[in-house]
>>> print(open('coords27.txt').read())   # compact mmCIF, C-alpha atoms
# COMPACT_ATOMS: atom_id res chain seq x y z
CA MET P 211 -13.44 -20.29 -19.46
CA LYS P 212 -10.12 -21.80 -20.51
CA ALA P 213 -7.09 -19.62 -21.22
CA ALA P 214 -3.46 -20.13 -22.14
CA LEU P 215 -0.10 -18.39 -21.81
CA ALA P 216 2.56 -19.05 -24.44
CA LEU P 217 6.13 -17.80 -24.16
CA ALA P 218 8.34 -16.93 -27.10
CA ASP P 219 10.68 -19.83 -26.30
CA GLY P 220 7.82 -22.34 -26.72
CA ARG P 221 6.78 -22.96 -23.10
CA VAL P 222 2.98 -23.02 -22.72
CA PHE P 223 0.73 -22.95 -19.64
CA HIS P 224 -3.01 -23.74 -19.64
CA GLY P 225 -5.39 -22.48 -16.99
CA ARG P 226 -8.63 -20.62 -16.32
CA ALA P 227 -9.52 -17.09 -17.37
CA PHE P 228 -10.82 -14.39 -15.06
CA GLY P 229 -11.37 -10.70 -15.55
CA SER P 230 -11.74 -9.83 -19.23
CA THR P 231 -11.42 -11.98 -22.33
CA GLY P 232 -9.38 -11.57 -25.49
CA GLU P 233 -5.74 -11.86 -26.50
CA ILE P 234 -2.77 -9.69 -25.53
CA THR P 235 1.01 -9.77 -25.69
CA GLY P 236 3.61 -8.42 -23.29
CA GLU P 237 6.79 -9.19 -21.42
CA VAL P 238 6.10 -11.91 -18.84
CA VAL P 239 7.59 -11.01 -15.44
CA PHE P 240 7.01 -11.91 -11.79
CA ASN P 241 6.48 -9.99 -8.55
CA THR P 242 7.34 -11.52 -5.16
CA SER P 243 5.12 -9.27 -3.01
CA MET P 244 2.75 -11.13 -0.69
CA SER P 245 0.16 -8.33 -0.82
CA GLY P 246 -0.39 -5.07 -2.66
CA TYR P 247 -1.79 -6.53 -5.88
CA GLN P 248 -4.04 -3.51 -6.36
CA GLU P 249 -1.10 -1.09 -6.24
CA ILE P 250 0.82 -3.35 -8.62
CA LEU P 251 -2.07 -3.45 -11.07
CA THR P 252 -2.27 0.36 -11.19
CA ASP P 253 1.47 1.14 -11.24
CA PRO P 254 2.17 2.63 -14.70
CA SER P 255 5.66 1.09 -14.58
CA TYR P 256 4.06 -2.24 -15.55
CA CYS P 257 2.86 -0.94 -18.92
CA GLY P 258 3.69 -3.54 -21.57
CA GLU P 259 4.08 -6.38 -19.07
CA ILE P 260 2.15 -9.51 -18.08
CA VAL P 261 2.67 -9.76 -14.33
CA THR P 262 2.82 -13.05 -12.42
CA MET P 263 2.31 -13.00 -8.64
CA THR P 264 4.40 -15.56 -6.74
CA TYR P 265 2.13 -15.56 -3.67
CA PRO P 266 -0.35 -18.44 -4.19
CA GLN P 267 -3.71 -16.80 -3.35
CA ILE P 268 -4.58 -13.37 -4.72
CA GLY P 269 -7.76 -11.33 -4.34
CA ASN P 270 -8.56 -12.25 -0.74
CA TYR P 271 -9.03 -8.65 0.43
CA GLY P 272 -10.73 -7.37 -2.70
CA VAL P 273 -10.28 -3.97 -4.33
CA ASN P 274 -11.13 -0.45 -3.14
CA ARG P 275 -11.06 3.00 -4.72
CA GLU P 276 -8.43 4.44 -2.35
CA ASP P 277 -5.44 2.18 -2.95
CA VAL P 278 -4.94 2.79 -6.66
CA GLU P 279 -1.62 4.29 -7.78
CA SER P 280 -2.99 5.82 -10.99
CA SER P 281 -6.29 6.28 -12.80
CA ARG P 282 -6.44 2.70 -14.11
CA PRO P 283 -4.47 -0.54 -14.48
CA HIS P 284 -1.64 -0.24 -17.00
CA LEU P 285 -0.29 -3.79 -17.23
CA SER P 286 -1.16 -6.05 -20.15
CA GLY P 287 -2.23 -9.14 -18.22
CA PHE P 288 -2.29 -10.68 -14.73
CA ILE P 289 -1.31 -14.25 -13.76
CA ILE P 290 -1.99 -15.93 -10.40
CA LYS P 291 -2.16 -19.41 -8.91
CA GLU P 292 -5.52 -19.17 -7.13
CA LEU P 293 -8.21 -16.49 -7.35
CA CYS P 294 -10.15 -15.72 -4.17
CA GLU P 295 -13.74 -15.30 -5.35
CA PHE P 296 -15.14 -14.15 -2.00
CA PRO P 297 -12.94 -11.34 -0.63
CA SER P 298 -13.24 -10.27 3.00
CA ASN P 299 -12.03 -6.87 4.17
CA TRP P 300 -13.79 -3.85 5.66
CA ARG P 301 -12.37 -1.62 2.92
CA SER P 302 -13.26 -3.91 0.02
CA GLU P 303 -15.64 -2.49 -2.59
CA MET P 304 -15.45 -5.14 -5.31
CA SER P 305 -13.71 -8.38 -6.20
CA LEU P 306 -10.48 -8.59 -8.16
CA ASP P 307 -12.34 -10.41 -10.94
CA ALA P 308 -14.90 -7.58 -11.23
CA TYR P 309 -12.16 -4.93 -11.18
CA LEU P 310 -10.26 -6.55 -14.07
CA LYS P 311 -13.49 -6.92 -16.03
CA GLU P 312 -14.23 -3.21 -15.48
CA HIS P 313 -10.85 -2.24 -16.93
CA ASP P 314 -10.66 -4.90 -19.68
CA ILE P 315 -7.61 -6.70 -18.25
CA ILE P 316 -7.19 -10.43 -18.93
CA GLY P 317 -6.35 -12.65 -15.96
CA LEU P 318 -5.07 -16.23 -15.90
CA SER P 319 -5.39 -18.51 -12.86
CA GLY P 320 -4.96 -22.19 -12.08
CA ILE P 321 -1.46 -22.61 -13.50
CA ASP P 322 1.66 -23.67 -11.61
CA THR P 323 3.11 -20.21 -11.02
CA ARG P 324 6.14 -21.79 -9.34
CA ALA P 325 7.04 -23.51 -12.60
CA LEU P 326 6.49 -20.31 -14.58
CA VAL P 327 8.62 -18.20 -12.23
CA ARG P 328 11.41 -20.80 -12.20
CA HIS P 329 11.33 -20.85 -16.01
CA ILE P 330 11.65 -17.05 -16.13
CA ARG P 331 14.52 -17.14 -13.62
CA ASP P 332 16.34 -19.76 -15.71
CA LYS P 333 15.54 -18.48 -19.22
CA GLY P 334 14.91 -14.78 -18.52
CA ALA P 335 11.89 -12.51 -18.83
CA GLN P 336 10.53 -12.74 -22.36
CA THR P 337 7.62 -11.88 -24.59
CA GLY P 338 4.48 -13.92 -24.13
CA ILE P 339 0.86 -14.04 -25.27
CA LEU P 340 -2.18 -14.51 -23.05
CA SER P 341 -5.33 -15.69 -24.83
CA THR P 342 -8.87 -16.83 -24.18
CA LEU P 343 -9.70 -16.89 -27.90
CA ASN P 344 -7.22 -19.33 -29.37
CA LEU P 345 -5.65 -22.19 -27.41
CA ASP P 346 -3.70 -23.73 -30.26
CA VAL P 347 -0.13 -24.08 -29.01
CA ASP P 348 1.71 -23.61 -32.30
CA THR P 349 -0.30 -20.52 -33.23
CA LEU P 350 0.20 -18.89 -29.84
CA VAL P 351 3.95 -19.53 -29.76
CA ALA P 352 4.32 -18.10 -33.28
CA LYS P 353 2.45 -14.95 -32.19
CA ALA P 354 4.62 -14.62 -29.09
CA LYS P 355 7.78 -14.85 -31.18
CA ALA P 356 6.48 -12.20 -33.59
CA ALA P 357 5.39 -9.74 -30.88
CA PRO P 358 7.59 -6.67 -30.27
CA SER P 359 10.17 -6.72 -27.49
CA ILE P 360 10.03 -4.22 -24.66
CA VAL P 361 13.63 -3.22 -25.51
CA GLY P 362 13.90 -0.02 -27.53
CA ARG P 363 10.24 0.99 -27.13
CA ASP P 364 9.12 4.32 -25.69
CA LEU P 365 6.41 3.22 -23.26
CA VAL P 366 6.53 6.50 -21.33
CA LYS P 367 4.42 8.25 -23.97
CA GLU P 368 1.69 5.66 -23.34
CA VAL P 369 1.35 6.48 -19.63
CA THR P 370 2.33 10.12 -19.11
CA CYS P 371 -0.32 12.78 -18.46
CA GLU P 372 -1.63 14.85 -21.37
CA LYS P 373 -1.35 18.20 -19.58
CA ALA P 374 0.06 19.63 -16.35
CA TYR P 375 -1.92 19.41 -13.12
CA THR P 376 -1.48 20.20 -9.43
CA TRP P 377 -1.59 17.62 -6.64
CA ASP P 378 -2.49 18.44 -3.03
CA GLU P 379 -3.45 15.07 -1.52
CA SER P 380 -1.24 13.89 1.35
CA THR P 381 -0.57 10.46 2.84
CA TRP P 382 -3.28 8.15 4.23
CA ASP P 383 -4.10 7.23 7.81
CA ILE P 384 -6.67 4.80 9.16
CA GLU P 385 -8.83 7.40 10.91
CA ASN P 386 -9.01 10.18 8.32
CA GLY P 387 -8.06 8.66 4.98
CA TYR P 388 -6.01 10.93 2.73
CA GLY P 389 -5.04 14.32 4.10
CA LYS P 390 -4.51 17.66 2.36
CA GLY P 391 -1.33 19.65 1.92
CA ALA P 392 -0.52 22.74 3.94
CA LYS P 393 -2.22 25.96 2.81
CA LYS P 394 1.19 27.54 2.41
CA ALA P 395 3.76 25.04 1.20
CA GLN P 396 7.44 25.60 1.95
CA PHE P 397 8.75 24.23 -1.33
CA LYS P 398 7.52 24.18 -4.91
CA VAL P 399 8.24 20.93 -6.76
CA VAL P 400 7.70 20.16 -10.43
CA ALA P 401 7.35 16.41 -11.03
CA TYR P 402 8.00 14.88 -14.44
CA ASP P 403 5.40 12.21 -15.14
CA PHE P 404 7.17 9.29 -16.78
CA GLY P 405 4.52 7.02 -15.22
CA ILE P 406 4.30 8.50 -11.73
CA LYS P 407 2.72 6.75 -8.75
CA ARG P 408 0.31 8.72 -6.60
CA ASN P 409 1.97 7.76 -3.33
CA ILE P 410 5.13 9.54 -4.47
CA LEU P 411 3.10 12.72 -4.86
CA ARG P 412 1.47 12.17 -1.47
CA ASN P 413 4.84 11.83 0.21
CA LEU P 414 6.09 15.05 -1.36
CA VAL P 415 2.95 16.89 -0.19
CA SER P 416 3.30 15.42 3.31
CA LYS P 417 6.81 16.93 3.51
CA GLY P 418 5.53 20.44 2.84
CA CYS P 419 5.72 20.65 -0.95
CA SER P 420 3.27 22.08 -3.44
CA VAL P 421 3.44 19.76 -6.44
CA THR P 422 2.83 20.39 -10.12
CA VAL P 423 2.96 17.34 -12.39
CA VAL P 424 4.00 17.88 -16.00
CA PRO P 425 4.03 15.62 -19.09
CA ALA P 426 7.21 13.68 -19.81
CA THR P 427 8.04 15.78 -22.89
CA THR P 428 7.82 19.18 -21.15
CA PRO P 429 10.93 21.22 -22.11
CA ALA P 430 13.37 22.08 -19.34
CA GLU P 431 12.95 25.77 -20.15
CA GLU P 432 9.24 25.58 -19.32
CA VAL P 433 9.97 23.79 -16.06
CA LEU P 434 12.54 26.39 -14.99
CA ALA P 435 10.12 29.19 -15.92
CA MET P 436 7.74 27.78 -13.29
CA GLY P 437 10.30 28.69 -10.60
CA PRO P 438 10.56 25.33 -8.82
CA ASP P 439 12.64 24.73 -5.71
CA GLY P 440 13.19 21.19 -6.94
CA VAL P 441 12.38 18.85 -9.82
CA PHE P 442 11.30 15.25 -9.32
CA LEU P 443 12.04 12.55 -11.94
CA SER P 444 9.43 9.82 -11.62
CA ASN P 445 9.28 6.10 -12.10
CA GLY P 446 7.96 4.71 -15.37
CA PRO P 447 7.87 1.68 -17.69
CA GLY P 448 10.34 -0.05 -19.93
CA ASP P 449 13.67 0.78 -21.49
CA PRO P 450 15.20 4.17 -20.53
CA GLU P 451 17.53 4.40 -23.55
CA PRO P 452 14.92 5.56 -26.13
CA ILE P 453 13.59 8.30 -23.80
CA THR P 454 16.06 10.78 -25.28
CA TYR P 455 13.87 13.87 -24.77
CA ALA P 456 13.90 13.28 -21.00
CA GLN P 457 17.66 12.72 -20.94
CA GLU P 458 18.24 16.02 -22.73
CA ASN P 459 15.91 17.92 -20.40
CA ILE P 460 17.68 16.49 -17.36
CA ARG P 461 21.05 17.66 -18.72
CA LYS P 462 19.62 21.18 -19.07
CA LEU P 463 18.24 21.12 -15.51
CA LEU P 464 21.36 19.71 -13.85
CA GLY P 465 22.98 22.25 -11.55
CA LYS P 466 20.17 24.79 -11.97
CA VAL P 467 17.70 23.16 -9.59
CA PRO P 468 17.81 20.17 -7.16
CA LEU P 469 16.89 16.86 -8.79
CA PHE P 470 15.53 13.68 -7.19
CA GLY P 471 14.89 10.58 -9.32
CA ILE P 472 13.21 7.26 -8.58
CA CYS P 473 13.41 4.07 -10.67
CA LEU P 474 13.17 5.15 -14.35
CA GLY P 475 14.03 8.65 -13.15
CA HIS P 476 17.22 7.22 -11.65
CA GLN P 477 18.12 5.52 -14.93
CA LEU P 478 17.42 8.65 -16.96
CA LEU P 479 19.55 10.77 -14.62
CA SER P 480 22.35 8.20 -14.93
CA ILE P 481 22.20 8.34 -18.73
CA ALA P 482 22.19 12.14 -18.61
CA LEU P 483 25.40 11.88 -16.57
CA GLY P 484 27.04 9.79 -19.30
CA GLY P 485 26.09 6.33 -18.10
CA LYS P 486 24.43 3.45 -19.93
CA THR P 487 21.83 0.88 -18.93
CA TYR P 488 21.37 -2.81 -19.67
CA LYS P 489 18.51 -5.29 -19.40
CA LEU P 490 18.46 -7.55 -16.36
CA LYS P 491 17.77 -11.24 -16.87
CA PHE P 492 14.46 -11.17 -14.99
CA GLY P 493 14.47 -7.85 -13.17
CA HIS P 494 13.70 -6.84 -9.60
CA ARG P 495 9.99 -6.81 -8.75
CA GLY P 496 8.72 -7.16 -5.21
CA GLY P 497 8.84 -5.75 -1.71
CA ASN P 498 11.82 -7.62 -0.28
CA GLN P 499 14.95 -6.40 -2.10
CA PRO P 500 17.90 -5.76 0.28
CA VAL P 501 19.94 -2.64 -0.47
CA ARG P 502 23.13 -1.50 1.27
CA ARG P 503 23.49 2.23 1.86
CA GLY P 504 27.04 3.56 1.77
CA GLU P 505 30.09 1.53 2.69
CA GLY P 506 28.89 0.44 6.12
CA HIS P 507 26.29 -2.06 7.30
CA ASN P 508 23.14 0.01 6.80
CA VAL P 509 20.65 -2.18 4.94
CA GLU P 510 17.20 -1.20 3.67
CA ILE P 511 14.53 -3.68 2.60
CA THR P 512 13.01 -2.04 -0.44
CA SER P 513 10.14 -2.14 -2.89
CA GLN P 514 11.31 -2.47 -6.50
CA ASN P 515 9.91 -2.76 -10.01
CA HIS P 516 12.33 -2.55 -12.93
CA GLY P 517 13.82 -4.68 -15.68
CA PHE P 518 16.84 -2.50 -16.50
CA ALA P 519 19.86 -1.39 -14.46
CA VAL P 520 22.64 1.18 -14.66
CA ASP P 521 26.07 -0.05 -15.76
CA PRO P 522 28.47 1.26 -13.07
CA VAL P 523 31.50 1.07 -15.40
CA THR P 524 29.97 3.67 -17.72
CA LEU P 525 29.23 6.30 -15.07
CA GLN P 526 31.39 9.40 -15.20
CA ASP P 527 33.62 10.57 -12.33
CA ASP P 528 31.05 13.12 -11.11
CA ALA P 529 28.57 10.33 -10.26
CA LEU P 530 29.04 8.69 -6.86
CA ILE P 531 27.34 5.32 -6.30
CA THR P 532 25.59 5.39 -2.93
CA HIS P 533 23.42 2.23 -2.84
CA ILE P 534 24.05 -1.37 -3.94
CA ASN P 535 21.65 -4.31 -4.29
CA LEU P 536 22.86 -7.09 -2.00
CA ASN P 537 21.37 -9.84 -4.16
CA ASP P 538 23.30 -9.08 -7.35
CA ASN P 539 25.45 -5.97 -6.64
CA THR P 540 23.59 -3.81 -9.16
CA VAL P 541 23.53 -0.03 -8.75
CA GLU P 542 20.63 1.14 -6.57
CA GLY P 543 21.45 4.80 -6.02
CA LEU P 544 23.80 7.67 -6.82
CA HIS P 545 24.64 11.27 -5.96
CA HIS P 546 26.19 13.89 -8.18
CA LYS P 547 29.45 15.05 -6.60
CA THR P 548 28.97 18.75 -7.26
CA ALA P 549 25.42 19.42 -8.48
CA PRO P 550 22.35 18.99 -6.22
CA ALA P 551 21.08 15.74 -7.71
CA PHE P 552 20.52 12.20 -6.45
CA SER P 553 18.45 9.16 -7.35
CA VAL P 554 17.57 5.62 -6.30
CA GLN P 555 16.55 2.61 -8.33
CA TYR P 556 13.96 1.45 -5.80
CA HIS P 557 10.67 2.91 -4.48
CA PRO P 558 10.91 4.76 -1.14
CA GLU P 559 7.18 5.55 -1.32
CA ALA P 560 6.44 1.78 -1.10
CA SER P 561 2.79 1.05 -2.06
CA PRO P 562 3.24 -1.81 -1.69
CA GLY P 563 6.29 -2.59 0.39
CA PRO P 564 8.33 -1.59 3.45
CA HIS P 565 8.96 2.00 4.51
CA ASP P 566 12.69 1.67 5.28
CA ALA P 567 13.64 4.20 2.59
CA ASN P 568 11.02 6.87 3.28
CA TYR P 569 13.78 9.10 4.69
CA LEU P 570 14.82 9.91 1.10
CA PHE P 571 11.95 12.38 0.74
CA GLY P 572 13.45 14.20 3.72
CA GLU P 573 16.82 14.20 1.96
CA PHE P 574 15.20 15.92 -1.01
CA ILE P 575 13.77 18.56 1.33
CA LYS P 576 17.23 19.15 2.84
CA MET P 577 18.74 19.49 -0.63
CA MET P 578 16.18 22.08 -1.67
CA LYS P 579 16.62 23.98 1.59
CA ASN P 580 20.39 24.08 1.17
CA PHE P 581 20.08 25.18 -2.44
CA LYS P 582 17.86 28.07 -1.36
CA GLY P 583 20.52 29.13 1.11
CA GLY P 584 19.19 27.43 4.20
CA CYS P 585 16.05 29.56 4.41
>>> encode(input="coords27.txt", output="structure tokens")
Amino acid sequence: MKAALALADGRVFHGRAFGSTGEITGEVVFNTSMSGYQEILTDPSYCGEIVTMTYPQIGNYGVNREDVESSRPHLSGFIIKELCEFPSNWRSEMSLDAYLKEHDIIGLSGIDTRALVRHIRDKGAQTGILSTLNLDVDTLVAKAKAAPSIVGRDLVKEVTCEKAYTWDESTWDIENGYGKGAKKAQFKVVAYDFGIKRNILRNLVSKGCSVTVVPATTPAEEVLAMGPDGVFLSNGPGDPEPITYAQENIRKLLGKVPLFGICLGHQLLSIALGGKTYKLKFGHRGGNQPVRRGEGHNVEITSQNHGFAVDPVTLQDDALITHINLNDNTVEGLHHKTAPAFSVQYHPEASPGPHDANYLFGEFIKMMKNFKGGC
């Protein structure tokens, strides 16, 4: 079946459909990871986006039930160069095509993804429409222009959990699969779900934490009443500026309990500290982003997925920048100078990506231990 992608600036790509059929809009972005498409599909941070993979062949190792990062795919659409129709892997349970059909996600293959990615790099990420129903160029471009921008929208409410739940699954190994947390955890962590990935929760459990996940709108007073040793601020989709309820809750929690934020959680903490954010031209999405830690020569290769960044000029004096992106010098991490709070823009839990930054979960443990008086 034929399909087409039209961008708001008039650029159109024609190819073949896979997965589901229909018509959807979203911000067209690209991810440079060579593998990990299943984790990317199920990362809630991609809500509202049509994701293009830069690696030419996708689907070669299929899909399994273990490697998902949430209950279902959250992106709007999926674009690739070549679909592998006959996956081969001992863990594979179904093809990528079948998985997208199951979850009603439209895929587009057979286009020159190099041309699309170069266009996004030159012109910027922008709204697009992916359709198998109508291939008329003028109609599609008009719909893309009329579709809402990702800027100013609260996408967190579309992906957060409806009610609180506990999580006790630990990290995966090849012999035993996913483990279980200790019967008696050393630390109690409450995690705000702004679009949280499961491997974040697994890493917290593996470090000796009992974890309770709460909806994004949960008042700070309720969180403190749960008696946590620390509060985690998760990743999530879209623009952080309209998530005012989270910013206010973070202000109320600051100094009363250790805070650790990742990605959107980092941006929300920064805004709570008086900072502002801005939209990047085409964002950082992939598993190969170099980040410098501190003032020395310590470099981490990181997994990232965001389209907004913190403006360093707007940060108040009590925020210390700790990590910098070596590609464009954007802010990648900060510490509060007096309160027990820190955050990073990237994903130390990987899934997919390198594990260079996994030590940050240990830093959170140290912070909670020190806040409890070293016990």
>>> residues_near_point(input="coords27.txt", point="(3.1, 10.4, -3.7)", cutoff="12 Å", atoms="all atoms listed in the file", output="MDAnalysis selection string")
chainID P and resid 277:280 377:382 388:389 391 401 403 406:417 419:423 442 444:445 472 557:561 568 571
>>> atom_distance(input="coords27.txt", atom1="CA of Ile321 in chain P", atom2="CA of Glu249 in chain P")
22.7 Å
>>> residues_around(input="coords27.txt", residues="range 515-526 of chain P", least_positions_apart="2", cutoff="8 Å", atoms="all atoms listed in the file", output="number ranges by chain")
P: 255, 447-450, 473-474, 477, 480, 483-496, 513, 528-529, 531, 540-541, 556-557
>>> closest_residue(input="coords27.txt", among="P:Tyr309, P:Trp300, P:Phe470, P:Tyr265", to="Val399 in chain P", atoms="only C-alpha atoms")
P:Phe470
>>> residues_around(input="coords27.txt", residues="His224 in chain P", least_positions_apart="2", cutoff="12 Å", atoms="only C-alpha atoms", output="list of chain:residue names")
P:Met211, P:Lys212, P:Ala213, P:Ala214, P:Leu215, P:Ala216, P:Leu217, P:Arg221, P:Val222, P:Arg226, P:Ala227, P:Ile289, P:Lys291, P:Leu318, P:Ser319, P:Gly320, P:Ile321, P:Asp322, P:Thr323, P:Leu326, P:Ile339, P:Leu340, P:Ser341, P:Thr342, P:Asn344, P:Leu345, P:Asp346, P:Val347, P:Leu350
>>> atom_distance(input="coords27.txt", atom1="CA of Pro550 in chain P", atom2="CA of Glu458 in chain P")
17.3 Å
>>> closest_residue(input="coords27.txt", among="P:Gly506, P:Gly563, P:Pro452, P:Pro425", to="Glu372 in chain P", atoms="only C-alpha atoms")
P:Pro425
>>> closest_residue(input="coords27.txt", among="P:Asn270, P:Gly229, P:Gly236, P:Phe552", to="Val361 in chain P", atoms="only C-alpha atoms")
P:Gly236
>>> closest_residue(input="coords27.txt", among="P:Leu479, P:Asp219, P:Leu306, P:Ala549", to="Ile330 in chain P", atoms="all atoms listed in the file")
P:Asp219
